[in-house]
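Source file: data-v9.txt (compact mmCIF, C-alpha atoms and all ligand atoms)
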```
# COMPACT_ATOMS: atom_id res chain seq x y z
CA MET A 434 0.00 0.00 0.00
CA ASN A 435 2.79 2.44 0.88
CA GLY A 436 5.25 1.43 -1.81
CA GLU A 437 8.81 0.38 -1.17
CA ILE A 438 10.59 1.59 1.98
CA ALA A 439 13.46 4.09 1.73
CA VAL A 440 15.56 5.72 4.48
CA PHE A 441 17.53 8.97 4.24
CA CYS A 442 19.37 11.09 6.78
CA GLY A 443 21.06 14.44 7.31
CA ASN A 444 24.27 15.10 9.21
CA ALA A 445 22.90 14.89 12.77
CA ASN A 446 23.79 11.23 13.33
CA PRO A 447 24.57 9.27 10.13
CA LYS A 448 25.94 6.34 12.19
CA LEU A 449 22.52 5.80 13.81
CA ALA A 450 20.85 5.96 10.37
CA GLU A 451 23.34 3.35 9.07
CA ASP A 452 22.66 1.12 12.08
CA ILE A 453 18.90 1.39 11.62
CA CYS A 454 19.30 0.47 7.93
CA GLN A 455 21.47 -2.48 8.89
CA ASN A 456 18.68 -3.71 11.15
CA LEU A 457 16.18 -3.15 8.33
CA ARG A 458 18.53 -4.95 5.91
CA ILE A 459 18.30 -2.14 3.37
CA PRO A 460 20.95 0.33 2.19
CA LEU A 461 20.77 3.94 3.39
CA GLY A 462 19.32 6.15 0.61
CA GLN A 463 21.81 8.17 -1.42
CA SER A 464 21.63 11.92 -0.92
CA ILE A 465 23.85 14.97 -0.69
CA VAL A 466 23.34 17.16 2.36
CA SER A 467 26.06 19.81 2.25
CA ARG A 468 26.46 23.59 2.13
CA PHE A 469 26.52 26.22 -0.61
CA SER A 470 29.45 28.62 -0.40
CA ASP A 471 27.29 31.17 1.43
CA GLY A 472 26.43 28.58 4.13
CA GLU A 473 22.90 27.77 2.96
CA ILE A 474 21.98 24.07 3.06
CA LYS A 475 22.27 22.16 -0.20
CA VAL A 476 20.27 18.95 -0.59
CA LYS A 477 19.97 16.54 -3.49
CA ILE A 478 18.22 13.18 -3.37
CA GLU A 479 20.34 10.96 -5.57
CA GLU A 480 17.87 8.16 -6.27
CA ASN A 481 14.26 7.74 -7.36
CA VAL A 482 11.75 7.95 -4.47
CA ARG A 483 8.54 8.23 -6.52
CA GLY A 484 5.76 6.31 -4.73
CA LYS A 485 8.05 5.20 -1.86
CA ASP A 486 7.43 5.13 1.90
CA VAL A 487 10.25 7.37 3.02
CA PHE A 488 11.75 7.79 6.50
CA VAL A 489 14.10 10.73 7.19
CA ILE A 490 16.31 10.13 10.24
CA GLN A 491 17.50 13.37 11.75
CA SER A 492 17.55 14.36 15.42
CA THR A 493 17.06 18.08 16.00
CA CYS A 494 19.91 18.07 18.51
CA PRO A 495 22.78 20.61 18.65
CA PRO A 496 23.63 22.25 16.33
CA SER A 497 19.82 22.36 16.52
CA ASN A 498 19.19 25.06 13.93
CA ASP A 499 21.35 23.40 11.28
CA ASN A 500 19.92 19.96 11.98
CA LEU A 501 16.35 21.24 11.93
CA MET A 502 16.88 23.08 8.64
CA GLU A 503 18.50 19.99 7.08
CA LEU A 504 15.45 17.96 8.14
CA LEU A 505 12.99 20.48 6.69
CA ILE A 506 14.89 20.81 3.42
CA LEU A 507 15.25 17.02 3.06
CA ILE A 508 11.50 16.63 3.57
CA ASP A 509 10.82 19.34 0.99
CA ALA A 510 13.10 17.64 -1.55
CA LEU A 511 11.44 14.25 -0.97
CA LYS A 512 7.94 15.72 -1.25
CA ARG A 513 8.83 17.39 -4.56
CA ALA A 514 10.34 14.08 -5.74
CA SER A 515 6.88 12.44 -5.28
CA ALA A 516 7.54 10.24 -2.24
CA ARG A 517 4.20 8.63 -1.36
CA ARG A 518 4.55 9.17 2.39
CA ILE A 519 7.24 10.90 4.46
CA THR A 520 7.92 10.11 8.11
CA ALA A 521 10.20 12.52 9.96
CA VAL A 522 12.23 10.38 12.39
CA THR A 523 13.67 12.62 15.11
CA PRO A 524 15.15 10.20 17.68
CA HIS A 525 15.71 13.35 19.78
CA TYR A 526 13.08 16.06 19.27
CA GLY A 527 14.90 19.29 20.13
CA TYR A 528 13.39 22.66 21.05
CA ALA A 529 10.97 20.61 23.17
CA ARG A 530 11.71 22.16 26.55
CA GLN A 531 9.95 25.41 25.61
CA ASP A 532 6.58 23.68 25.56
CA ARG A 533 4.37 26.17 27.40
CA LYS A 534 4.00 29.89 27.97
CA ASP A 535 5.12 29.96 31.60
CA GLN A 536 6.30 33.60 31.48
CA PRO A 537 4.97 36.57 29.58
CA ARG A 538 6.24 37.09 26.01
CA VAL A 539 8.01 33.73 25.51
CA PRO A 540 7.54 31.39 22.52
CA ILE A 541 6.35 27.79 22.46
CA THR A 542 9.10 26.37 20.27
CA ALA A 543 7.90 22.76 20.59
CA LYS A 544 4.73 23.83 18.73
CA LEU A 545 6.58 26.03 16.23
CA VAL A 546 8.89 23.16 15.25
CA ALA A 547 5.90 20.80 14.96
CA ASP A 548 4.28 23.25 12.51
CA LEU A 549 7.51 23.59 10.52
CA ILE A 550 7.92 19.81 10.13
CA ALA A 551 4.30 19.33 8.99
CA THR A 552 4.44 22.36 6.68
CA ALA A 553 7.62 21.06 5.05
CA GLY A 554 5.63 17.98 4.03
CA ALA A 555 6.02 15.27 6.68
CA ASN A 556 3.01 12.97 6.97
CA ARG A 557 4.04 11.43 10.29
CA LEU A 558 6.58 11.82 13.11
CA LEU A 559 8.49 9.03 14.85
CA THR A 560 10.46 10.05 17.93
CA MET A 561 11.63 8.85 21.36
CA ASP A 562 11.07 9.98 24.95
CA LEU A 563 9.54 13.34 24.09
CA HIS A 564 10.24 15.89 26.80
CA ALA A 565 6.49 15.97 27.50
CA GLU A 566 3.99 13.50 26.04
CA GLN A 567 1.51 16.28 25.30
CA ILE A 568 3.85 17.63 22.61
CA GLN A 569 2.22 14.95 20.42
CA GLY A 570 -0.84 17.20 20.45
CA PHE A 571 1.15 20.03 18.86
CA PHE A 572 1.18 18.03 15.64
CA ASN A 573 -1.79 17.67 13.31
CA ILE A 574 -0.16 14.56 11.86
CA PRO A 575 0.20 11.17 13.64
CA VAL A 576 3.05 10.92 16.15
CA ASP A 577 4.65 7.71 17.44
CA ASN A 578 6.66 8.28 20.62
CA LEU A 579 9.00 5.38 21.46
CA TYR A 580 10.39 4.74 24.96
CA ALA A 581 13.96 3.79 25.89
CA VAL A 582 12.78 2.27 29.18
CA ASN A 583 12.98 -1.38 28.07
CA ILE A 584 16.52 -0.91 26.72
CA PHE A 585 17.76 0.53 30.03
CA VAL A 586 15.78 -1.89 32.21
CA LYS A 587 17.29 -4.88 30.37
CA TYR A 588 20.77 -3.51 31.20
CA PHE A 589 20.01 -2.87 34.88
CA SER A 590 18.21 -6.20 35.34
CA LYS A 591 21.42 -8.02 34.35
CA MET A 592 23.34 -6.08 37.03
CA LYS A 593 21.02 -7.44 39.76
CA ILE A 594 21.39 -4.31 41.94
CA THR A 595 19.83 -4.76 45.38
CA ASP A 596 17.97 -2.12 47.46
CA LEU A 597 17.18 -0.17 44.33
CA CYS A 598 15.38 3.15 44.25
CA VAL A 599 14.50 4.97 41.00
CA VAL A 600 14.73 8.75 41.30
CA SER A 601 13.07 11.37 39.13
CA PRO A 602 15.29 14.49 39.12
CA ASP A 603 12.25 16.76 38.88
CA VAL A 604 8.51 16.68 39.30
CA GLY A 605 7.94 16.60 35.52
CA GLY A 606 9.72 13.25 35.26
CA ILE A 607 7.58 11.30 37.77
CA LYS A 608 5.62 9.36 35.17
CA MET A 609 8.81 8.21 33.46
CA ALA A 610 10.43 7.26 36.78
CA ARG A 611 7.34 5.31 37.84
CA ALA A 612 7.56 3.24 34.63
CA TYR A 613 11.19 2.36 35.47
CA ALA A 614 10.43 1.61 39.12
CA LYS A 615 7.58 -0.70 38.17
CA ARG A 616 9.67 -2.66 35.69
CA LEU A 617 12.68 -2.89 38.03
CA GLY A 618 10.61 -3.70 41.12
CA ALA A 619 12.24 -0.68 42.79
CA GLU A 620 11.09 2.08 45.10
CA LEU A 621 10.48 5.60 43.84
CA ALA A 622 11.78 8.98 45.02
CA ILE A 623 11.50 12.48 43.59
CA VAL A 624 13.87 15.45 43.63
CA ASP A 625 12.13 18.77 44.09
CA LYS A 626 14.31 20.89 41.80
CA ARG A 627 14.31 24.61 41.12
CA ARG A 628 15.95 25.87 37.94
CA VAL A 629 18.06 28.90 38.79
CA SER A 630 19.16 29.56 35.18
CA ASP A 631 19.67 27.71 31.92
CA LYS A 632 22.87 26.17 33.36
CA GLU A 633 22.07 25.94 37.07
CA ALA A 634 19.62 23.78 39.00
CA GLU A 635 19.07 23.76 42.76
CA VAL A 636 17.69 20.91 44.84
CA MET A 637 15.05 21.99 47.35
CA HIS A 638 13.90 18.65 48.84
CA ILE A 639 13.94 14.92 48.19
CA ILE A 640 10.61 13.16 48.51
CA GLY A 641 11.00 9.46 49.38
CA LYS A 642 13.51 7.23 51.22
CA VAL A 643 16.98 7.15 49.67
CA ARG A 644 19.19 6.33 52.70
CA ASP A 645 21.19 3.08 52.12
CA LYS A 646 19.58 2.70 48.70
CA ASN A 647 21.31 2.18 45.38
CA ILE A 648 19.92 4.80 43.05
CA VAL A 649 19.03 5.03 39.38
CA ILE A 650 18.23 8.59 38.29
CA VAL A 651 16.12 8.58 35.10
CA ASP A 652 15.54 11.53 32.78
CA ASP A 653 14.80 12.35 29.14
CA VAL A 654 17.78 14.64 28.53
CA VAL A 655 21.14 15.49 30.08
CA SER A 656 22.18 18.91 28.82
CA THR A 657 24.55 20.85 31.12
CA ALA A 658 24.24 18.02 33.71
CA GLY A 659 23.33 20.57 36.40
CA THR A 660 20.11 18.71 37.20
CA LEU A 661 21.97 15.39 37.37
CA THR A 662 24.98 16.44 39.43
CA GLU A 663 23.02 18.58 41.91
CA GLY A 664 20.69 15.61 42.34
CA ILE A 665 23.67 13.31 43.03
CA ILE A 666 25.05 15.68 45.70
CA ALA A 667 21.66 15.86 47.43
CA LEU A 668 21.19 12.07 47.29
CA LYS A 669 24.67 11.39 48.70
CA GLU A 670 24.10 13.92 51.51
CA ARG A 671 20.98 11.95 52.44
CA GLY A 672 22.88 8.67 52.67
CA ALA A 673 22.39 7.10 49.21
CA ARG A 674 24.87 4.37 48.23
CA ASP A 675 25.83 3.94 44.52
CA VAL A 676 24.19 6.38 42.11
CA TYR A 677 23.61 5.40 38.45
CA ALA A 678 21.73 7.37 35.80
CA ALA A 679 19.77 6.35 32.70
CA ILE A 680 19.14 9.34 30.49
CA THR A 681 17.87 8.91 26.93
CA HIS A 682 19.26 11.92 25.05
CA PRO A 683 22.93 12.89 25.69
CA VAL A 684 22.96 16.56 24.63
CA LEU A 685 25.99 17.05 26.93
CA ALA A 686 26.31 20.82 26.53
CA GLU A 687 29.08 22.69 28.32
CA PRO A 688 30.04 22.05 31.14
CA ALA A 689 28.35 18.62 31.33
CA ILE A 690 31.46 16.45 30.97
CA GLU A 691 33.40 18.47 33.56
CA ARG A 692 30.47 18.20 35.97
CA ILE A 693 30.02 14.46 35.45
CA ASN A 694 33.75 13.77 35.80
CA GLY A 695 33.76 15.73 39.05
CA SER A 696 30.69 13.96 40.45
CA LYS A 697 30.17 10.79 42.48
CA LEU A 698 28.14 9.19 39.68
CA LYS A 699 28.98 5.51 39.24
CA GLU A 700 27.74 5.15 35.65
CA LEU A 701 25.71 7.19 33.16
CA LEU A 702 23.78 5.18 30.62
CA VAL A 703 22.58 7.06 27.56
CA THR A 704 21.39 6.09 24.08
CA ASP A 705 22.66 6.92 20.60
CA THR A 706 19.73 9.20 19.66
CA ILE A 707 22.50 11.82 19.69
CA ALA A 708 26.10 11.08 18.66
CA ILE A 709 28.59 12.05 21.38
CA ASP A 710 31.55 14.12 20.08
CA LYS A 711 34.92 12.36 20.44
CA ASP A 712 36.30 15.25 22.50
CA LYS A 713 33.67 14.66 25.18
CA LYS A 714 35.64 12.07 27.12
CA CYS A 715 34.14 10.35 30.13
CA ASP A 716 34.80 6.72 31.13
CA ARG A 717 31.59 6.57 33.10
CA ILE A 718 29.30 7.14 30.08
CA ASN A 719 28.00 3.99 28.42
CA VAL A 720 25.94 4.16 25.20
CA LEU A 721 23.12 1.71 24.40
CA SER A 722 21.73 1.61 20.86
CA VAL A 723 18.16 2.43 19.91
CA ALA A 724 18.72 1.29 16.30
CA PRO A 725 16.95 -2.11 16.64
CA LEU A 726 13.91 -0.45 18.26
CA PHE A 727 13.67 2.27 15.59
CA ALA A 728 14.07 -0.34 12.84
CA GLU A 729 11.23 -2.38 14.35
CA ALA A 730 9.01 0.71 14.65
CA ILE A 731 9.75 1.73 11.04
CA THR A 732 8.86 -1.79 9.86
CA ARG A 733 5.59 -1.68 11.79
CA ILE A 734 4.66 1.78 10.48
CA HIS A 735 5.43 0.62 6.94
CA ARG A 736 3.25 -2.47 7.36
CA GLU A 737 0.48 -0.49 9.12
CA GLU A 738 0.98 -2.59 12.28
CA SER A 739 0.69 -1.50 15.89
CA VAL A 740 3.66 0.42 17.29
CA SER A 741 2.29 0.57 20.83
CA ALA A 742 2.41 -3.24 20.89
CA LEU A 743 6.19 -2.80 21.27
CA PHE A 744 5.68 -1.49 24.81
CA VAL A 745 3.30 -3.93 26.46
C1 LIG B 801 14.05 19.05 32.50
O1 LIG B 801 12.85 19.20 32.61
C2 LIG B 801 14.66 17.89 31.80
O2 LIG B 801 13.95 16.72 31.97
C3 LIG B 801 16.11 17.69 32.22
O3 LIG B 801 16.15 17.39 33.59
C4 LIG B 801 16.91 18.93 31.98
O4 LIG B 801 16.64 19.44 30.72
C5 LIG B 801 18.38 18.66 32.09
O5 LIG B 801 19.09 19.84 31.85
P1 LIG B 801 20.51 20.08 32.50
O6 LIG B 801 21.31 18.84 32.23
O7 LIG B 801 21.04 21.29 31.78
O8 LIG B 801 20.30 20.35 33.96
```

Target encoding structure tokens, full file:
Amino acid sequence: MNGEIAVFCGNANPKLAEDICQNLRIPLGQSIVSRFSDGEIKVKIEENVRGKDVFVIQSTCPPSNDNLMELLILIDALKRASARRITAVTPHYGYARQDRKDQPRVPITAKLVADLIATAGANRLLTMDLHAEQIQGFFNIPVDNLYAVNIFVKYFSKMKITDLCVVSPDVGGIKMARAYAKRLGAELAIVDKRRVSDKEAEVMHIIGKVRDKNIVIVDDVVSTAGTLTEGIIALKERGARDVYAAITHPVLAEPAIERINGSKLKELLVTDTIAIDKDKKCDRINVLSVAPLFAEAITRIHREESVSALFV
């Protein structure tokens, strides 16, 4: 019904796109995504996509503006090349944290970006661990939001950590933390965090028992790592034992690596929704791949099968 499947990508994370294609057992589509001499983005789809079911893999992670524009221009090129259906695959959906008007005269970028993607010509969106589930409602096209929880839980289950407590580093993350706690058979605690500035977070209270517990902090994104490292300090002060973290999207903006290296974190598990630059060196970061899960979701979307069935 949807024609042959084809996968393309921009420059955000070509390795992930290759890995997804390997799982799908198809080659990555040929395209040029480069720059004109004035810096504008130059795109050319180098193969026929007429009538095909096309998936464009491109996280809108830093450099967010470049990656977003590459995604939009790729979608435009594919639409004009008569692709039958285009799914924007943003393993990390950036600009998501500005998702409400919580101060006067601020934008809602999560909605703006949703409009841009649909206007460019995407028929669907496939993403993972959206900053807030209700961002799905900002799109007037279908959205499939995947969860990294099973990937992380499989890893932790093998470690057989005793006296485990899952911690949400802020009130907004409680639902996510509860899903982890349920699957790991762990207790749940919540950090009451106040954001002082873009780079600074301050812990006000910890709700729940963390003394003598081994901790797994779960979150959707680690950016400057202020939330994570302030949380670790507060947990240690209250008698927590080993502290691990499972955070889906490793944005790792300055000074995240310095903060993590200087913290008492035992291990930070992240996924490859965002490629980590080689100069960001930290022995305690371990990357788990989402490629098999995205390949399975793409197959199901292509065959018009249930995607939610992946999470029961
Ligand atoms: C906040 O609501 C998010 O879930 C993350 O906790 C936050 O974005 C992390 O940012 P940073 O690492 O800069 O503290």

| request: Using only C-alpha atoms and all ligand atoms, find the one residue out of A:Leu726, A:Ile650, A:Val676, A:Ile640 that sits nearest to ligand LIG 801 (chain B). | output: A:Ile650

Between chain A and ligand LIG 801 (chain B), at 6 Å or less, what are the per-residue closest atom pairs and their distances in Å? Count only C-alpha atoms and all ligand atoms, order by chain and rising residue number, and return it as a Markdown table.
```
| residue | atom | partner | partner_atom | distance |
| --- | --- | --- | --- | --- |
| A:Lys632 | CA | B:LIG801 | O7 | 5.4 |
| A:Asp652 | CA | B:LIG801 | O2 | 5.5 |
| A:Asp653 | CA | B:LIG801 | O2 | 5.3 |
| A:Val654 | CA | B:LIG801 | C3 | 5.1 |
| A:Val655 | CA | B:LIG801 | O6 | 4.0 |
| A:Ser656 | CA | B:LIG801 | O6 | 3.5 |
| A:Thr657 | CA | B:LIG801 | O7 | 3.6 |
| A:Ala658 | CA | B:LIG801 | O6 | 3.4 |
| A:Gly659 | CA | B:LIG801 | O8 | 3.9 |
| A:Thr660 | CA | B:LIG801 | O8 | 3.6 |
```

Write out as JSON lines a residue-level contact list of range 636-667 of chain A versus range 609-625 of chain A with cut-off 10 Å: for each qualifying residue the closest pair of atoms and the distance in Å to one decimal, counting all atoms listed in the file, rows sorted by chain and residue number upward.
```
{"residue": "A:Val636", "atom": "CA", "partner": "A:Asp625", "partner_atom": "CA", "distance": 6.0}
{"residue": "A:Met637", "atom": "CA", "partner": "A:Asp625", "partner_atom": "CA", "distance": 5.4}
{"residue": "A:His638", "atom": "CA", "partner": "A:Asp625", "partner_atom": "CA", "distance": 5.1}
{"residue": "A:Ile639", "atom": "CA", "partner": "A:Val624", "partner_atom": "CA", "distance": 4.6}
{"residue": "A:Ile640", "atom": "CA", "partner": "A:Ile623", "partner_atom": "CA", "distance": 5.0}
{"residue": "A:Gly641", "atom": "CA", "partner": "A:Ala622", "partner_atom": "CA", "distance": 4.5}
{"residue": "A:Lys642", "atom": "CA", "partner": "A:Ala622", "partner_atom": "CA", "distance": 6.7}
{"residue": "A:Val643", "atom": "CA", "partner": "A:Ala622", "partner_atom": "CA", "distance": 7.2}
{"residue": "A:Lys646", "atom": "CA", "partner": "A:Glu620", "partner_atom": "CA", "distance": 9.2}
{"residue": "A:Asn647", "atom": "CA", "partner": "A:Ala619", "partner_atom": "CA", "distance": 9.9}
{"residue": "A:Ile648", "atom": "CA", "partner": "A:Ala622", "partner_atom": "CA", "distance": 9.4}
{"residue": "A:Val649", "atom": "CA", "partner": "A:Tyr613", "partner_atom": "CA", "distance": 9.2}
{"residue": "A:Ile650", "atom": "CA", "partner": "A:Ala610", "partner_atom": "CA", "distance": 8.1}
{"residue": "A:Val651", "atom": "CA", "partner": "A:Ala610", "partner_atom": "CA", "distance": 6.1}
{"residue": "A:Asp652", "atom": "CA", "partner": "A:Met609", "partner_atom": "CA", "distance": 7.5}
{"residue": "A:Asp653", "atom": "CA", "partner": "A:Met609", "partner_atom": "CA", "distance": 8.5}
{"residue": "A:Thr660", "atom": "CA", "partner": "A:Val624", "partner_atom": "CA", "distance": 9.5}
{"residue": "A:Glu663", "atom": "CA", "partner": "A:Val624", "partner_atom": "CA", "distance": 9.8}
{"residue": "A:Gly664", "atom": "CA", "partner": "A:Val624", "partner_atom": "CA", "distance": 6.9}
{"residue": "A:Ala667", "atom": "CA", "partner": "A:Val624", "partner_atom": "CA", "distance": 8.7}
```

| request: Find the spatial neighbours of Phe488 in chain A, counting all atoms listed in the file, within a cut-off of 6 Å - ignore same-chain residues fewer than 5 positions away - and output them as a ChimeraX atom specification. | output: /A:440,519-520

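Shortest separation to Ile465 in chain A among A:Ala689, A:Cys715, A:Ile506, A:Ile734 occurs at residue A:Ile506, atoms counted being all atoms listed in the file.
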
Could you tell me, as a tab-separated table (two decimals) with C-alpha atoms, in the coordinates of the input, which residues have any atom at most 12 Å from (20.8, 13.7, 27.6), counting only C-alpha atoms?
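That gives us out-v2.tsv:
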```tsv
chain	number	residue	atom	x	y	z
A	494	CYS	CA	19.91	18.07	18.51
A	495	PRO	CA	22.78	20.61	18.65
A	524	PRO	CA	15.15	10.20	17.68
A	525	HIS	CA	15.71	13.35	19.78
A	526	TYR	CA	13.08	16.06	19.27
A	527	GLY	CA	14.90	19.29	20.13
A	562	ASP	CA	11.07	9.98	24.95
A	563	LEU	CA	9.54	13.34	24.09
A	564	HIS	CA	10.24	15.89	26.80
A	651	VAL	CA	16.12	8.58	35.10
A	652	ASP	CA	15.54	11.53	32.78
A	653	ASP	CA	14.80	12.35	29.14
A	654	VAL	CA	17.78	14.64	28.53
A	655	VAL	CA	21.14	15.49	30.08
A	656	SER	CA	22.18	18.91	28.82
A	657	THR	CA	24.55	20.85	31.12
A	658	ALA	CA	24.24	18.02	33.71
A	659	GLY	CA	23.33	20.57	36.40
A	660	THR	CA	20.11	18.71	37.20
A	661	LEU	CA	21.97	15.39	37.37
A	678	ALA	CA	21.73	7.37	35.80
A	679	ALA	CA	19.77	6.35	32.70
A	680	ILE	CA	19.14	9.34	30.49
A	681	THR	CA	17.87	8.91	26.93
A	682	HIS	CA	19.26	11.92	25.05
A	683	PRO	CA	22.93	12.89	25.69
A	684	VAL	CA	22.96	16.56	24.63
A	685	LEU	CA	25.99	17.05	26.93
A	686	ALA	CA	26.31	20.82	26.53
A	689	ALA	CA	28.35	18.62	31.33
A	690	ILE	CA	31.46	16.45	30.97
A	701	LEU	CA	25.71	7.19	33.16
A	702	LEU	CA	23.78	5.18	30.62
A	703	VAL	CA	22.58	7.06	27.56
A	704	THR	CA	21.39	6.09	24.08
A	705	ASP	CA	22.66	6.92	20.60
A	706	THR	CA	19.73	9.20	19.66
A	707	ILE	CA	22.50	11.82	19.69
A	708	ALA	CA	26.10	11.08	18.66
A	709	ILE	CA	28.59	12.05	21.38
A	718	ILE	CA	29.30	7.14	30.08
A	720	VAL	CA	25.94	4.16	25.20
```

| field | Minimum-distance residue to Thr542 in chain A, chosen among A:Val466, A:Leu558, A:Leu507, A:Ile568 (using only C-alpha atoms) | value |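 Ranked by minimum distance to Thr542 in chain A, first place goes to A:Ile568.
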
Size and centre in Å, one decimal, axis-aligned box, all listed range 601-608 of chain A atoms plus 3 Å per side, as AutoDock Vina command-line options:
```
--center_x 10.5 --center_y 13.1 --center_z 37.2 --size_x 15.7 --size_y 13.4 --size_z 10.1
```

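Comparing A:Gln531, A:Ser470, A:Ser492, A:Asn500 by their smallest distance to Thr560 in chain A, the closest is A:Ser492 (using all atoms listed in the file).
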
| query | What gap, in Å, lies between CA of Gly472 in chain A and CA of Leu504 in chain A? | reply |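 Atom-to-atom, CA of Gly472 in chain A to CA of Leu504 in chain A, that is 15.8 Å.
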
| message | With distances taken over only C-alpha atoms, which residue among A:Ala547, A:Ile665, A:Ala742, A:Ala510 lies nearest Thr493 in chain A? | response |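 The answer is A:Ala547, which sits nearest to Thr493 in chain A.
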
| field | Neighbour list for Ile666 in chain A as a list in words, cut-off 8 Å, only C-alpha atoms, skip fewer than 3 positions in-chain | value |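 Residues near the query, excluding close chain neighbours: Thr662, Glu663, Lys669, Glu670, Ser696 and Lys697 of chain A.
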